[in-house]
Every structure is written in structure tokens, then in C-alpha cells.
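Chemist: So that you have it, the file is data-v5.txt, and it contains compact mmCIF, C-alpha atoms and all ligand atoms:
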# COMPACT_ATOMS: atom_id res chain seq x y z
CA MET Y 297 -34.35 8.98 -43.59
CA ALA Y 298 -32.13 6.72 -45.66
CA ASP Y 299 -32.02 9.13 -48.55
CA LEU Y 300 -28.92 11.35 -48.43
CA GLU Y 301 -27.72 13.57 -51.23
CA VAL Y 302 -23.95 13.41 -51.48
CA LEU Y 303 -22.05 15.80 -53.77
CA ASP Y 304 -18.64 14.52 -54.73
CA LYS Y 305 -17.68 16.39 -57.85
CA ASP Y 306 -16.12 19.78 -57.22
CA PRO Y 307 -18.64 20.69 -54.52
CA ALA Y 308 -18.90 24.19 -53.05
CA VAL Y 309 -21.09 26.05 -50.59
CA LEU Y 310 -21.78 29.74 -51.15
CA ILE Y 311 -22.49 31.63 -47.93
CA ASP Y 312 -24.07 35.09 -47.79
CA ASP Y 313 -23.07 38.00 -45.53
CA ASN Y 314 -25.68 37.05 -42.96
CA GLY Y 315 -24.30 33.54 -42.44
CA TYR Y 316 -26.90 31.67 -44.50
CA VAL Y 317 -26.31 29.28 -47.37
CA ALA Y 318 -26.94 31.12 -50.64
CA ASP Y 319 -26.31 28.13 -52.88
CA VAL Y 320 -24.70 24.71 -52.93
CA GLY Y 321 -23.59 22.54 -55.84
CA ARG Y 322 -20.76 22.17 -58.30
CA ARG Y 323 -18.40 25.09 -57.93
CA SER Y 324 -18.47 25.70 -61.68
CA ASP Y 325 -22.29 25.98 -61.58
CA LEU Y 326 -22.45 28.54 -58.77
CA GLU Y 327 -22.72 32.26 -59.39
CA ILE Y 328 -19.85 33.45 -57.25
CA PRO Y 329 -19.78 37.21 -56.63
CA GLY Y 330 -16.50 39.07 -57.29
CA GLU Y 331 -16.08 40.12 -53.65
CA CYS Y 332 -15.96 36.71 -52.06
CA SER Y 333 -13.47 35.14 -49.70
CA GLU Y 334 -12.80 31.49 -50.26
CA VAL Y 335 -11.94 28.70 -47.80
CA GLU Y 336 -10.72 25.44 -49.24
CA VAL Y 337 -11.45 22.38 -47.15
CA ASP Y 338 -10.39 18.76 -47.25
CA GLY Y 339 -12.58 15.88 -46.09
CA VAL Y 340 -16.37 15.56 -45.98
CA LEU Y 341 -18.43 18.62 -45.11
CA PHE Y 342 -21.60 17.79 -43.17
CA PRO Y 343 -24.43 19.94 -41.89
CA GLY Y 344 -23.35 21.01 -38.37
CA PHE Y 345 -24.41 18.36 -35.87
CA VAL Y 346 -27.41 19.17 -33.66
CA ASP Y 347 -27.29 17.69 -30.15
CA SER Y 348 -30.96 17.92 -29.17
CA HIS Y 349 -30.66 16.62 -25.60
CA THR Y 350 -28.02 17.58 -23.01
CA HIS Y 351 -27.81 18.46 -19.32
CA SER Y 352 -24.52 20.38 -19.70
CA VAL Y 353 -24.86 22.61 -16.61
CA PHE Y 354 -23.79 20.59 -13.59
CA GLY Y 355 -21.19 20.73 -10.86
CA ALA Y 356 -19.34 17.59 -9.85
CA ALA Y 357 -18.97 14.32 -11.76
CA ARG Y 358 -20.80 11.31 -10.24
CA LEU Y 359 -17.87 8.95 -9.90
CA ALA Y 360 -19.26 7.10 -6.88
CA ASP Y 361 -22.48 6.25 -8.78
CA HIS Y 362 -20.39 4.78 -11.59
CA GLU Y 363 -18.51 2.52 -9.17
CA ARG Y 364 -21.70 1.51 -7.32
CA ARG Y 365 -23.18 0.38 -10.63
CA ALA Y 366 -20.10 -1.73 -11.29
CA ARG Y 367 -20.69 -3.32 -7.90
CA GLY Y 368 -24.23 -4.26 -8.92
CA THR Y 369 -26.56 -1.45 -7.78
CA ASP Y 370 -28.78 -0.03 -10.52
CA TYR Y 371 -29.59 3.59 -11.47
CA MET Y 372 -32.87 3.94 -9.56
CA ALA Y 373 -31.49 2.15 -6.46
CA ILE Y 374 -28.43 4.44 -6.45
CA ALA Y 375 -30.80 7.43 -6.53
CA ALA Y 376 -32.79 5.99 -3.61
CA GLU Y 377 -29.53 5.63 -1.65
CA GLY Y 378 -28.69 9.34 -1.98
CA GLY Y 379 -26.74 9.36 -5.25
CA GLY Y 380 -28.49 10.09 -8.54
CA ILE Y 381 -30.05 13.35 -9.69
CA LEU Y 382 -30.42 14.71 -6.14
CA SER Y 383 -26.67 14.55 -5.55
CA SER Y 384 -26.19 16.70 -8.66
CA VAL Y 385 -28.86 19.06 -7.28
CA GLN Y 386 -26.85 19.48 -4.11
CA SER Y 387 -23.73 20.12 -6.16
CA VAL Y 388 -25.40 22.78 -8.36
CA ARG Y 389 -26.91 24.52 -5.34
CA GLU Y 390 -23.46 24.67 -3.70
CA THR Y 391 -21.56 25.82 -6.80
CA SER Y 392 -21.32 29.53 -7.61
CA LYS Y 393 -22.78 30.85 -10.83
CA GLU Y 394 -19.31 31.92 -11.99
CA ASP Y 395 -17.92 28.43 -11.47
CA LEU Y 396 -20.90 26.85 -13.28
CA LYS Y 397 -20.35 29.25 -16.18
CA ASP Y 398 -16.71 28.29 -16.38
CA LEU Y 399 -17.49 24.56 -16.32
CA THR Y 400 -20.31 24.89 -18.87
CA THR Y 401 -18.15 26.93 -21.24
CA ARG Y 402 -15.43 24.30 -21.13
CA ARG Y 403 -17.94 21.54 -21.87
CA LEU Y 404 -19.47 23.47 -24.76
CA ASN Y 405 -15.99 23.89 -26.21
CA VAL Y 406 -15.53 20.12 -26.13
CA LEU Y 407 -18.93 19.59 -27.76
CA ALA Y 408 -17.78 22.01 -30.48
CA THR Y 409 -14.56 20.07 -31.08
CA LEU Y 410 -16.74 17.00 -31.60
CA GLY Y 411 -18.71 18.75 -34.34
CA SER Y 412 -21.87 19.94 -32.58
CA THR Y 413 -22.86 23.40 -33.79
CA THR Y 414 -26.24 23.49 -32.01
CA VAL Y 415 -26.64 22.14 -28.48
CA GLU Y 416 -29.85 21.97 -26.47
CA VAL Y 417 -29.10 22.51 -22.76
CA LYS Y 418 -31.51 21.78 -19.90
CA SER Y 419 -31.75 23.05 -16.36
CA GLY Y 420 -33.05 20.50 -13.84
CA TYR Y 421 -30.31 20.24 -11.22
CA GLY Y 422 -31.64 23.22 -9.25
CA LEU Y 423 -35.20 22.17 -8.35
CA SER Y 424 -35.92 25.47 -6.54
CA LEU Y 425 -36.84 28.75 -8.19
CA GLU Y 426 -33.51 30.28 -7.23
CA ALA Y 427 -31.33 27.37 -8.31
CA GLU Y 428 -33.26 26.70 -11.55
CA LEU Y 429 -32.88 30.39 -12.46
CA LYS Y 430 -29.17 30.17 -11.67
CA GLN Y 431 -28.80 27.30 -14.15
CA LEU Y 432 -30.90 29.05 -16.81
CA GLU Y 433 -28.92 32.28 -16.37
CA VAL Y 434 -25.71 30.31 -16.83
CA ILE Y 435 -27.14 28.93 -20.07
CA ASP Y 436 -28.18 32.42 -21.15
CA GLU Y 437 -24.84 34.00 -20.30
CA VAL Y 438 -22.70 31.40 -22.05
CA SER Y 439 -24.88 31.66 -25.18
CA GLY Y 440 -23.37 33.63 -28.02
CA SER Y 441 -20.03 31.92 -27.95
CA ALA Y 442 -20.23 28.95 -30.32
CA PRO Y 443 -21.93 26.44 -30.49
CA ASP Y 444 -25.45 27.84 -30.62
CA ILE Y 445 -27.58 26.94 -27.58
CA ILE Y 446 -31.28 26.05 -27.25
CA PRO Y 447 -32.34 26.46 -23.58
CA THR Y 448 -34.83 24.12 -21.87
CA PHE Y 449 -36.47 24.43 -18.44
CA LEU Y 450 -36.49 21.05 -16.64
CA GLY Y 451 -37.73 22.06 -13.18
CA ALA Y 452 -39.61 18.74 -13.07
CA HIS Y 453 -36.50 16.55 -13.33
CA GLU Y 454 -36.96 15.01 -9.87
CA VAL Y 455 -38.82 15.78 -6.63
CA PRO Y 456 -36.35 17.58 -4.34
CA ALA Y 457 -35.74 16.28 -0.80
CA GLU Y 458 -37.75 19.10 0.82
CA HIS Y 459 -40.91 18.01 -1.08
CA ARG Y 460 -40.35 14.27 -0.94
CA GLU Y 461 -43.49 13.56 1.06
CA ARG Y 462 -45.69 15.86 -1.05
CA PRO Y 463 -44.67 15.58 -4.71
CA ASP Y 464 -47.87 17.22 -5.96
CA GLU Y 465 -46.96 20.36 -4.07
CA TYR Y 466 -43.66 20.38 -5.92
CA VAL Y 467 -45.54 20.11 -9.23
CA ASP Y 468 -47.62 23.13 -8.10
CA LEU Y 469 -44.42 25.03 -7.36
CA VAL Y 470 -42.98 24.22 -10.81
CA VAL Y 471 -46.19 25.18 -12.61
CA ASN Y 472 -47.33 28.16 -10.58
CA GLU Y 473 -44.12 29.75 -9.40
CA MET Y 474 -41.17 28.70 -11.52
CA MET Y 475 -42.62 28.51 -15.00
CA PRO Y 476 -44.23 31.95 -15.16
CA VAL Y 477 -40.91 33.55 -14.14
CA VAL Y 478 -38.94 31.45 -16.62
CA GLY Y 479 -41.44 32.34 -19.37
CA GLN Y 480 -41.51 36.04 -18.48
CA LYS Y 481 -37.72 36.34 -18.40
CA GLY Y 482 -37.47 34.49 -21.73
CA LEU Y 483 -34.89 32.09 -20.29
CA ALA Y 484 -36.15 28.93 -22.01
CA ARG Y 485 -37.55 27.91 -25.34
CA PHE Y 486 -38.70 24.45 -24.20
CA CYS Y 487 -40.06 22.81 -21.07
CA ASP Y 488 -39.18 19.18 -20.33
CA VAL Y 489 -40.27 16.71 -17.62
CA PHE Y 490 -38.91 13.33 -16.44
CA CYS Y 491 -42.03 11.15 -16.85
CA GLU Y 492 -41.11 7.80 -15.34
CA PRO Y 493 -42.53 5.48 -12.64
CA GLY Y 494 -40.98 6.65 -9.36
CA VAL Y 495 -40.30 10.17 -10.66
CA PHE Y 496 -43.29 12.01 -12.23
CA THR Y 497 -46.48 10.19 -13.22
CA VAL Y 498 -48.21 10.75 -16.55
CA ASP Y 499 -50.82 12.94 -14.82
CA GLN Y 500 -48.19 15.06 -13.09
CA SER Y 501 -46.24 15.33 -16.35
CA ARG Y 502 -49.41 16.44 -18.14
CA ARG Y 503 -49.90 19.22 -15.58
CA VAL Y 504 -46.31 20.37 -16.04
CA LEU Y 505 -46.50 20.41 -19.82
CA GLU Y 506 -49.94 22.03 -20.01
CA GLY Y 507 -48.67 24.74 -17.67
CA ALA Y 508 -45.61 25.22 -19.86
CA ARG Y 509 -47.71 25.64 -22.96
CA LYS Y 510 -49.62 28.46 -21.25
CA CYS Y 511 -46.30 30.19 -20.56
CA GLY Y 512 -45.37 30.04 -24.25
CA LEU Y 513 -42.86 27.20 -24.00
CA MET Y 514 -42.62 24.36 -26.51
CA LEU Y 515 -42.70 20.84 -25.11
CA LYS Y 516 -40.24 17.99 -24.64
CA ILE Y 517 -40.48 14.93 -22.45
CA HIS Y 518 -38.16 12.28 -20.96
CA ALA Y 519 -40.45 9.34 -21.71
CA ASP Y 520 -40.41 5.60 -21.16
CA GLU Y 521 -36.69 5.43 -20.35
CA LEU Y 522 -36.53 2.47 -17.97
CA ASP Y 523 -40.18 1.43 -17.49
CA GLY Y 524 -42.92 2.28 -19.98
CA SER Y 525 -45.64 4.41 -18.41
CA GLY Y 526 -47.33 6.07 -21.37
CA GLY Y 527 -44.93 8.98 -21.75
CA ALA Y 528 -44.77 8.69 -25.54
CA GLU Y 529 -48.56 8.69 -25.79
CA LEU Y 530 -48.67 11.83 -23.61
CA ALA Y 531 -46.10 13.53 -25.85
CA VAL Y 532 -48.27 12.89 -28.90
CA GLU Y 533 -51.47 13.93 -27.11
CA LEU Y 534 -49.91 17.29 -26.20
CA GLY Y 535 -48.11 17.86 -29.50
CA ALA Y 536 -44.64 17.78 -27.94
CA VAL Y 537 -41.79 18.61 -30.33
CA SER Y 538 -39.87 15.56 -29.10
CA ALA Y 539 -40.15 12.52 -26.84
CA ASP Y 540 -36.76 11.33 -25.64
CA HIS Y 541 -35.29 7.98 -24.48
CA LEU Y 542 -38.14 5.53 -25.35
CA ALA Y 543 -36.18 2.34 -24.64
CA ALA Y 544 -39.27 1.01 -22.81
CA ILE Y 545 -41.95 2.49 -25.11
CA SER Y 546 -45.21 0.47 -25.38
CA PRO Y 547 -46.64 -0.89 -28.66
CA GLY Y 548 -49.35 1.80 -28.45
CA GLY Y 549 -46.66 4.43 -27.93
CA ILE Y 550 -44.77 3.21 -31.01
CA GLU Y 551 -47.90 3.52 -33.12
CA ALA Y 552 -48.82 6.94 -31.74
CA ILE Y 553 -45.39 8.51 -32.15
CA SER Y 554 -44.81 7.04 -35.61
CA GLN Y 555 -47.97 8.71 -36.91
CA SER Y 556 -47.28 12.06 -35.27
CA ASP Y 557 -44.99 15.05 -35.80
CA THR Y 558 -43.27 14.37 -32.47
CA VAL Y 559 -39.62 13.44 -33.04
CA ALA Y 560 -38.44 10.27 -31.28
CA VAL Y 561 -35.03 11.10 -29.77
CA PHE Y 562 -32.94 8.04 -28.93
CA LEU Y 563 -30.06 8.24 -26.48
CA PRO Y 564 -28.02 5.05 -26.94
CA GLY Y 565 -25.12 6.38 -24.83
CA THR Y 566 -27.37 6.31 -21.78
CA MET Y 567 -28.34 2.68 -22.15
CA LEU Y 568 -24.71 1.78 -22.78
CA PHE Y 569 -23.43 3.70 -19.76
CA LEU Y 570 -26.13 2.34 -17.45
CA GLY Y 571 -25.26 -1.19 -18.58
CA LYS Y 572 -28.75 -1.88 -19.91
CA SER Y 573 -29.23 -4.28 -22.75
CA CYS Y 574 -32.60 -2.95 -23.96
CA VAL Y 575 -32.58 -0.36 -26.71
CA ALA Y 576 -35.20 1.87 -28.28
CA PRO Y 577 -37.14 0.23 -31.15
CA ALA Y 578 -35.67 2.39 -33.89
CA ARG Y 579 -36.42 0.02 -36.75
CA GLN Y 580 -40.08 -0.29 -35.83
CA ILE Y 581 -40.56 3.46 -35.49
CA ILE Y 582 -38.72 4.25 -38.73
CA ALA Y 583 -40.64 1.53 -40.58
CA ALA Y 584 -43.91 2.99 -39.32
CA GLY Y 585 -42.98 6.45 -40.62
CA GLY Y 586 -41.70 8.11 -37.42
CA ALA Y 587 -38.94 10.72 -37.37
CA VAL Y 588 -35.91 9.65 -35.35
CA ALA Y 589 -33.06 11.72 -33.91
CA LEU Y 590 -30.01 10.66 -31.90
CA ALA Y 591 -28.56 12.76 -29.08
CA THR Y 592 -25.92 12.40 -26.37
CA ASP Y 593 -28.03 13.05 -23.21
CA PHE Y 594 -24.72 14.44 -21.92
CA ASN Y 595 -25.04 14.50 -18.10
CA PRO Y 596 -23.00 13.37 -15.08
CA GLY Y 597 -25.29 10.51 -14.02
CA SER Y 598 -26.38 8.45 -16.97
CA SER Y 599 -24.34 9.64 -19.95
CA PRO Y 600 -21.04 11.47 -19.49
CA GLY Y 601 -20.50 11.25 -23.26
CA MET Y 602 -20.34 14.16 -25.66
CA SER Y 603 -19.83 12.76 -29.16
CA LEU Y 604 -22.71 12.74 -31.65
CA PRO Y 605 -20.71 10.71 -34.20
CA LEU Y 606 -20.32 8.06 -31.47
CA MET Y 607 -24.10 8.12 -30.92
CA GLY Y 608 -24.40 7.65 -34.68
CA ALA Y 609 -22.07 4.63 -34.59
CA MET Y 610 -24.15 3.16 -31.76
CA GLY Y 611 -27.31 3.98 -33.67
CA VAL Y 612 -25.99 1.71 -36.41
CA SER Y 613 -24.59 -1.06 -34.22
CA GLN Y 614 -27.13 -1.10 -31.37
CA LEU Y 615 -30.34 0.26 -32.89
CA ARG Y 616 -29.71 -1.17 -36.36
CA MET Y 617 -30.12 2.16 -38.06
CA LEU Y 618 -28.57 2.51 -41.52
CA PRO Y 619 -25.55 4.81 -41.75
CA ALA Y 620 -27.63 7.33 -43.71
CA GLU Y 621 -30.36 7.22 -41.06
CA ALA Y 622 -27.77 7.81 -38.34
CA VAL Y 623 -26.36 10.85 -40.16
CA VAL Y 624 -29.89 12.24 -40.67
CA ALA Y 625 -30.57 11.59 -36.97
CA ILE Y 626 -27.74 13.91 -35.83
CA THR Y 627 -28.42 16.63 -38.42
CA VAL Y 628 -31.84 17.04 -40.11
CA ASN Y 629 -33.84 15.31 -37.39
CA GLY Y 630 -31.73 16.70 -34.55
CA ALA Y 631 -32.77 20.12 -35.85
CA ALA Y 632 -36.43 19.01 -35.99
CA ALA Y 633 -36.16 17.85 -32.36
CA VAL Y 634 -35.33 21.42 -31.30
CA GLY Y 635 -38.00 23.00 -33.52
CA GLU Y 636 -35.45 24.20 -36.08
CA ALA Y 637 -36.10 21.92 -39.05
CA ALA Y 638 -36.57 24.87 -41.37
CA THR Y 639 -33.36 26.69 -40.43
CA ARG Y 640 -30.61 24.16 -39.72
CA GLY Y 641 -29.52 20.56 -40.15
CA GLN Y 642 -29.15 20.71 -43.94
CA ILE Y 643 -26.67 22.28 -46.35
CA ALA Y 644 -29.26 23.92 -48.55
CA ALA Y 645 -30.09 27.43 -49.78
CA GLY Y 646 -31.82 29.43 -47.06
CA PHE Y 647 -30.48 27.33 -44.19
CA ARG Y 648 -27.97 28.61 -41.65
CA ALA Y 649 -24.38 27.99 -42.71
CA ASP Y 650 -23.71 25.69 -39.74
CA LEU Y 651 -21.14 23.23 -41.07
CA THR Y 652 -18.91 20.49 -39.71
CA LEU Y 653 -15.87 19.14 -41.54
CA ALA Y 654 -14.61 15.61 -40.87
CA SER Y 655 -11.30 14.11 -42.00
CA VAL Y 656 -12.86 11.16 -43.76
CA ARG Y 657 -13.01 10.16 -47.41
CA ASP Y 658 -16.38 8.41 -47.33
CA TRP Y 659 -19.27 10.02 -45.40
CA ARG Y 660 -20.17 6.64 -43.87
CA GLU Y 661 -16.92 6.71 -41.89
CA LEU Y 662 -18.47 9.39 -39.66
CA VAL Y 663 -20.62 6.77 -37.94
CA TYR Y 664 -18.10 3.94 -38.21
CA TRP Y 665 -14.84 4.83 -36.41
CA TYR Y 666 -15.42 5.25 -32.73
CA GLY Y 667 -13.34 6.47 -29.81
CA VAL Y 668 -11.60 8.88 -32.18
CA ASN Y 669 -12.46 12.42 -33.12
CA LEU Y 670 -12.33 12.96 -36.87
CA VAL Y 671 -13.92 16.42 -36.79
CA SER Y 672 -11.37 18.97 -37.92
CA ARG Y 673 -13.32 22.23 -38.21
CA SER Y 674 -16.79 23.68 -37.83
CA TRP Y 675 -18.65 26.90 -38.56
CA VAL Y 676 -21.75 28.49 -37.03
CA LYS Y 677 -23.55 30.88 -39.37
CA GLY Y 678 -20.46 30.95 -41.54
CA SER Y 679 -18.09 31.96 -38.71
CA PRO Y 680 -15.51 29.56 -37.30
CA CYS Y 681 -16.86 27.63 -34.29
CA HIS Y 682 -13.95 25.25 -33.92
CA SER Y 683 -10.77 25.34 -35.98
CA GLY Y 684 -8.47 22.40 -35.93
CA TYR Y 685 -8.15 19.83 -33.21
CA GLY Y 686 -4.99 17.80 -32.77
CA SER Y 687 -3.55 16.09 -35.77
CA VAL Y 688 -5.96 15.37 -38.56
CA ASN Y 689 -5.84 11.79 -39.72
CA TYR Y 690 -7.49 9.93 -42.52
CA LEU Y 691 -7.88 6.40 -41.23
CA SER Y 692 -8.45 4.67 -44.54
O1 LIG T 1 -31.85 11.80 -19.31
N1 LIG T 1 -33.45 10.49 -16.95
C1 LIG T 1 -33.39 11.60 -16.44
N2 LIG T 1 -32.43 12.50 -16.65
C2 LIG T 1 -31.16 12.23 -17.14
C3 LIG T 1 -30.23 11.68 -16.12
C4 LIG T 1 -29.92 12.69 -15.13
C5 LIG T 1 -28.99 12.22 -14.07
O2 LIG T 1 -28.89 11.03 -13.75
O3 LIG T 1 -28.36 13.14 -13.53
C6 LIG T 1 -31.28 11.33 -18.35
O4 LIG T 1 -30.80 10.19 -18.35
FE FE T 2 -31.84 13.49 -20.21
I need this file expressed as C-alpha cells, please.
Ligand code: NIG
Ligand code: FE
Modeler:
Amino acid sequence: MADLEVLDKDPAVLIDDNGYVADVGRRSDLEIPGECSEVEVDGVLFPGFVDSHTHSVFGAARLADHERRARGTDYMAIAAEGGGILSSVQSVRETSKEDLKDLTTRRLNVLATLGSTTVEVKSGYGLSLEAELKQLEVIDEVSGSAPDIIPTFLGAHEVPAEHRERPDEYVDLVVNEMMPVVGQKGLARFCDVFCEPGVFTVDQSRRVLEGARKCGLMLKIHADELDGSGGAELAVELGAVSADHLAAISPGGIEAISQSDTVAVFLPGTMLFLGKSCVAPARQIIAAGGAVALATDFNPGSSPGMSLPLMGAMGVSQLRMLPAEAVVAITVNGAAAVGEAATRGQIAAGFRADLTLASVRDWRELVYWYGVNLVSRSWVKGSPCHSGYGSVNYLS
């Protein structure tokens, strides 16, 4: 992960008519066809950033939760008092599909200005067949305008109020009634579950994910976020593509995930926003050979943050990742965390020409400056995704 190839002498990227990289290297070494339009850029060109974990479809912000936390109530207690995920569920159920589409489109545009060219987006604020489908249809209908979207079904994000006394019946509903419809309609590529004490147990999460596999969905899991419960071990047992959060992962979980193909996705913005001092054990997992990605977890409750470069800067300062590891974590390994390691996340022949340009002189500045946006342009499959944001400044 610490091994980046940086081209600094007359570099060029040759893109074919289908939006894939044909070649990359010194301009003078490339075989450039006669009919070729050329775009000259200034700064450092990165692989487009891949945000592998967001909850971008929601209604209202959760401003009251934020203030309650400042007054000393923690995330789970706020949820128990009627805030938390269930307040976002109420908001999504009350908001029209058109309004959700408008909000989601605006948020995706901001993610694009921050350099993300691929964004995973989860449902999970509907928690009924009708409202989950509404969220997934929003995701489907806003797809196609840049950035590129990877849809995930998260029907098991929380137990809705109407099933509070019988959570296993809600798991039945997710597995037997929601998932087959989601699978049949092709509205999701992944299924995710919030495996956490007080939300879904490991056994309930296993039922959800085994059901998802039967419906042709790939697997993700919110695991060991606040209290370790064996979520990482479950992810490895089931061959999940990623296990996300992991701030409270057990020693056994660290060993299991490090030796597996499951990508460990860390979400440092969440821990920061919730005011928690514990962080995921990035150094231990990297040292043991695990693959690590960083994502925003963009959502109204625990991470209203949208910048992957900021997550990279926190990866360095909070998780003690090296700058190269942080850049890999928002590109190569972000792509792996959405099952796209072979198609995106690298500027290499055969990969999609998803590119992000930053107004920096040294690539390490990407994960150094924070609270500023140094992304100036981006492309998805060779076509402009975002072109020019504010005034472009080199800060050193
Ligand atoms: O990843 N932990 C569960 N889900 C989200 C938070 C959702 C919310 O609070 O609305 C997360 O942090
Ligand atoms: Fe999340």
C-alpha cells in the first residue's frame, strides 16, 4: 500500500473512444493517433477517488442530534430517545421521491467537486418495502449523471418502530420480502447490514447476508463500529467484499480480516464527528497484510462530511497511515471495496479513465491540507464530471 508510482517527467494519459485508458507514460513515448483531441492540465492527476461507503439519500439534517451530543448524550442514547437512524427513516418516508432525487443530485454534485468519481450509495432510511424501494429508485434514477454510482441495499440498517418488539420478524421481512424484489428489479449490487450490539446481532446479520447472497447480491457489513461483536469475523466467514468501521474490532477479527480478501474500510470522519477517541487499528491490519480503504460514511447522523481527501488527511493524522497508504485507500482500495479493483482506482492501460486533478505540486499535499478543496477538475470515463470549482490555488 505504500508503493505509489509517480510520473513527473512530461506525463500523459492516452484515452480511447470508449473512455478507457489506452496508455500512460511519458508523452514522447506514447503512440498518439493523428485524430486525437488534447487537454492540457496543471497540477497532479490522480485516479478518480472512490467513496466506497455513503448514505447519500436522506431527507432532513439531524441538527438536534448534533446539539444533544454537545450536551453530553451519546449516539446510541440519542437513538433510544427518538433521534438517530429512526428519525431519518421518518424523514425519508415523509419526503417525496422527487424531492429526494433533487437532494441526492445536489449532494452527488458536491461529492464530484471534491474529486469522487465513483460513489457507493446505500438505502437504509426506508425500512419498509415501499420506502426502501423509493430510496433505491432514487439511486437508480440519479445514476448516469456523474459521478458513477454503486447501489447498496441496507434494509437491515435498524429495526423500525413497528417491529421493535419482534426484531426477528423484521429480519424475516428483509430476507423474504424485500431482498427478492430488490434482486429481481436489479436495484442493488450489494447488500449491507448494521451488525452491532443493540441493532442486529451476528446471527441476524448472518441471516441477512446469506439471504442476500441467494438473491445475487455481493456483501458488505457495518461491523464493530462502537462495540466489537464479531462482525469482522462474520464478514470473512461469508466472503464479504468489505467490512466497514472496525474501530472496535477484536484481536481475532484483526487476524481474520488481514488474512482475507475482505477490504477493511475505515471511516475516520464518523469517529471524529461522534466525538470518539478510539480509531480503527489501521497499522496493525496493514502490517498483517490486510487491504485498507478510507471512505466518508456521508450521512446525516454520524458523518455529514463529503471529502475523501479530508478522510485521507485523517487517515494520516489519526490512523497513522502513510500518505501513500492514504492515497491508495481512496483510490485502488476504494475500488476494491466496491468490487471494482480490476476496472477503476488506477491510471493504467485497460482501466476506466476516471481521473481527478488537484491543484497541488506534490501529490502528498492531497492528504495534508484540510478544510480546503484543491480539486479543480475530474473526468468519468474520459468525459468531464466536474470542471473547475472556485479559484484554483496552489498553497505552497
Ligand atoms: O455508518 N452505523 C450505522 N449507520 C451509519 C449512521 C447512520 C445514521 O446515524 O443515520 C454509519 O455511521
Ligand atoms: Fe455507514
Chemist: Could you check the closest approach to Ala484 of chain Y for each of Y:Lys572, Y:Lys677, Y:Arg322, Y:Lys516 and tell me which residue wins, using only C-alpha atoms?
Modeler: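 For Ala484 of chain Y, the nearest of the given residues is Y:Lys516.
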Chemist: Between Y:Leu326, Y:Ala457, Y:Ile545, Y:Ala591, which has the minimum distance to ligand LIG 1 (chain T) (counting only C-alpha atoms and all ligand atoms)?
Modeler: Y:Ala591
Chemist: Identify, on the basis of all atoms listed in the file, every residue whose closest approach to segment 558-565 of chain Y does not exceed 7 Å; exclude the query and any residue fewer than 6 positions from it along the same chain; express the result as a ChimeraX atom specification.
Modeler: /Y:532,535-542,576,587-593,599,601,607,610-611,633
Chemist: Have a look at atom CA of Gly379 of chain Y and atom CA of Ser424 of chain Y and let me know their distance in Å, one decimal.
Modeler: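 Pair atom CA of Gly379 of chain Y / atom CA of Ser424 of chain Y returns 18.6 Å.
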Chemist: Name the residues in contact with Gly548 of chain Y at a cut-off of 9 Å, using only C-alpha atoms, excluding same-chain residues fewer than 2 positions from it; report them as a list in words.
Modeler: Gly526, Ala528, Glu529, Ile545, Ser546, Ile550, Glu551, Ala552 and Ile553 of chain Y
Chemist: What's the separation between atom CA of Val434 of chain Y and atom CA of Asn472 of chain Y, in Å to one decimal place?
Modeler: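 These two atoms are separated by 22.6 Å.
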Chemist: Using only C-alpha atoms and all ligand atoms, which residues of the polymer chains come no farther than 10 Å from ligand FE 2 (chain T)? I'd like the answer as a list in words.
Modeler: His349, Thr350, His351, Val417, Lys418, Gly420, Leu450, His453, Asp488, Val489, Phe490, Ile517, His518, Ala519, Glu521, Asp540, His541, Leu563, Thr566, Ala591, Thr592, Asp593, Phe594, Asn595, Gly597, Ser598 and Ser599 of chain Y
Chemist: May I have the protein, DNA and RNA residues with any atom at most 12 Å from the point (-17.6, 5.5, -52.3), counting all atoms listed in the file, written as a list in words?
Modeler: Val302, Leu303, Asp304, Val340, Val656, Arg657, Asp658, Trp659, Arg660 and Glu661 of chain Y
Chemist: Select, from Y:Gly411, Y:Gly571, Y:Pro600, Y:Gly524, the residue with the minimum atom-to-atom distance to Asp444 of chain Y, counting all atoms listed in the file.
Modeler: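 Ranking Y:Gly411, Y:Gly571, Y:Pro600, Y:Gly524 by distance to Asp444 of chain Y, first place goes to Y:Gly411.
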Chemist: Provide the atom CA of Ala375 of chain Y to atom CA of Phe496 of chain Y distance in Å, to one decimal place.
Modeler: 14.5 Å
Chemist: List as a PDB file with C-alpha atoms, in the frame of the given file the protein and nucleic acid residues near Arg402 of chain Y, meaning an atom at most 12 Å away when all atoms listed in the file are counted, but skip any in the same chain fewer than 2 places from it.
Modeler:
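In the end it all went to selection_38.pdb:
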ATOM      1  CA  SER Y 352     -24.520  20.380 -19.700  1.00  0.00           C
ATOM      2  CA  VAL Y 353     -24.860  22.610 -16.610  1.00  0.00           C
ATOM      3  CA  PHE Y 354     -23.790  20.590 -13.590  1.00  0.00           C
ATOM      4  CA  ASP Y 395     -17.920  28.430 -11.470  1.00  0.00           C
ATOM      5  CA  LEU Y 396     -20.900  26.850 -13.280  1.00  0.00           C
ATOM      6  CA  LYS Y 397     -20.350  29.250 -16.180  1.00  0.00           C
ATOM      7  CA  ASP Y 398     -16.710  28.290 -16.380  1.00  0.00           C
ATOM      8  CA  LEU Y 399     -17.490  24.560 -16.320  1.00  0.00           C
ATOM      9  CA  THR Y 400     -20.310  24.890 -18.870  1.00  0.00           C
ATOM     10  CA  LEU Y 404     -19.470  23.470 -24.760  1.00  0.00           C
ATOM     11  CA  ASN Y 405     -15.990  23.890 -26.210  1.00  0.00           C
ATOM     12  CA  VAL Y 406     -15.530  20.120 -26.130  1.00  0.00           C
ATOM     13  CA  LEU Y 407     -18.930  19.590 -27.760  1.00  0.00           C
ATOM     14  CA  ALA Y 408     -17.780  22.010 -30.480  1.00  0.00           C
ATOM     15  CA  THR Y 409     -14.560  20.070 -31.080  1.00  0.00           C
ATOM     16  CA  VAL Y 438     -22.700  31.400 -22.050  1.00  0.00           C
ATOM     17  CA  SER Y 441     -20.030  31.920 -27.950  1.00  0.00           C
ATOM     18  CA  ALA Y 442     -20.230  28.950 -30.320  1.00  0.00           C
ATOM     19  CA  PRO Y 443     -21.930  26.440 -30.490  1.00  0.00           C
TER      20      PRO Y 443
END
Chemist: Between Y:Val628, Y:Ala357, Y:Leu651, Y:Leu432, which residue has the minimum interatomic distance to ligand LIG 1 (chain T), considering all atoms listed in the file?
Modeler: Y:Ala357
Chemist: Can you pull out the residues contacting Ala308 of chain Y? Cut-off 7 Å, using all atoms listed in the file, and skip same-chain residues under 2 positions away; I want them as a compact mmCIF listing (two decimals) with C-alpha atoms, in the coordinates of the input.
Modeler:
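File result19.txt, as written:
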# COMPACT_ATOMS: atom_id res chain seq x y z
CA ASP Y 306 -16.12 19.78 -57.22
CA LEU Y 310 -21.78 29.74 -51.15
CA VAL Y 320 -24.70 24.71 -52.93
CA GLY Y 321 -23.59 22.54 -55.84
CA ARG Y 322 -20.76 22.17 -58.30
CA ARG Y 323 -18.40 25.09 -57.93
Chemist: Pick out the closest residue to ligand LIG 1 (chain T) from this set: Y:Glu437, Y:Glu394, Y:Glu506, Y:Asp361. Count all atoms listed in the file.
Modeler: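 Result for the nearest residue to ligand LIG 1 (chain T): Y:Asp361.
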Chemist: Have a look at Y:Val495, Y:Phe569, Y:Gly586, Y:Val470 and name the one nearest to Gln555 of chain Y; count only C-alpha atoms.
Modeler: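 The answer is Y:Gly586, which sits nearest to Gln555 of chain Y.
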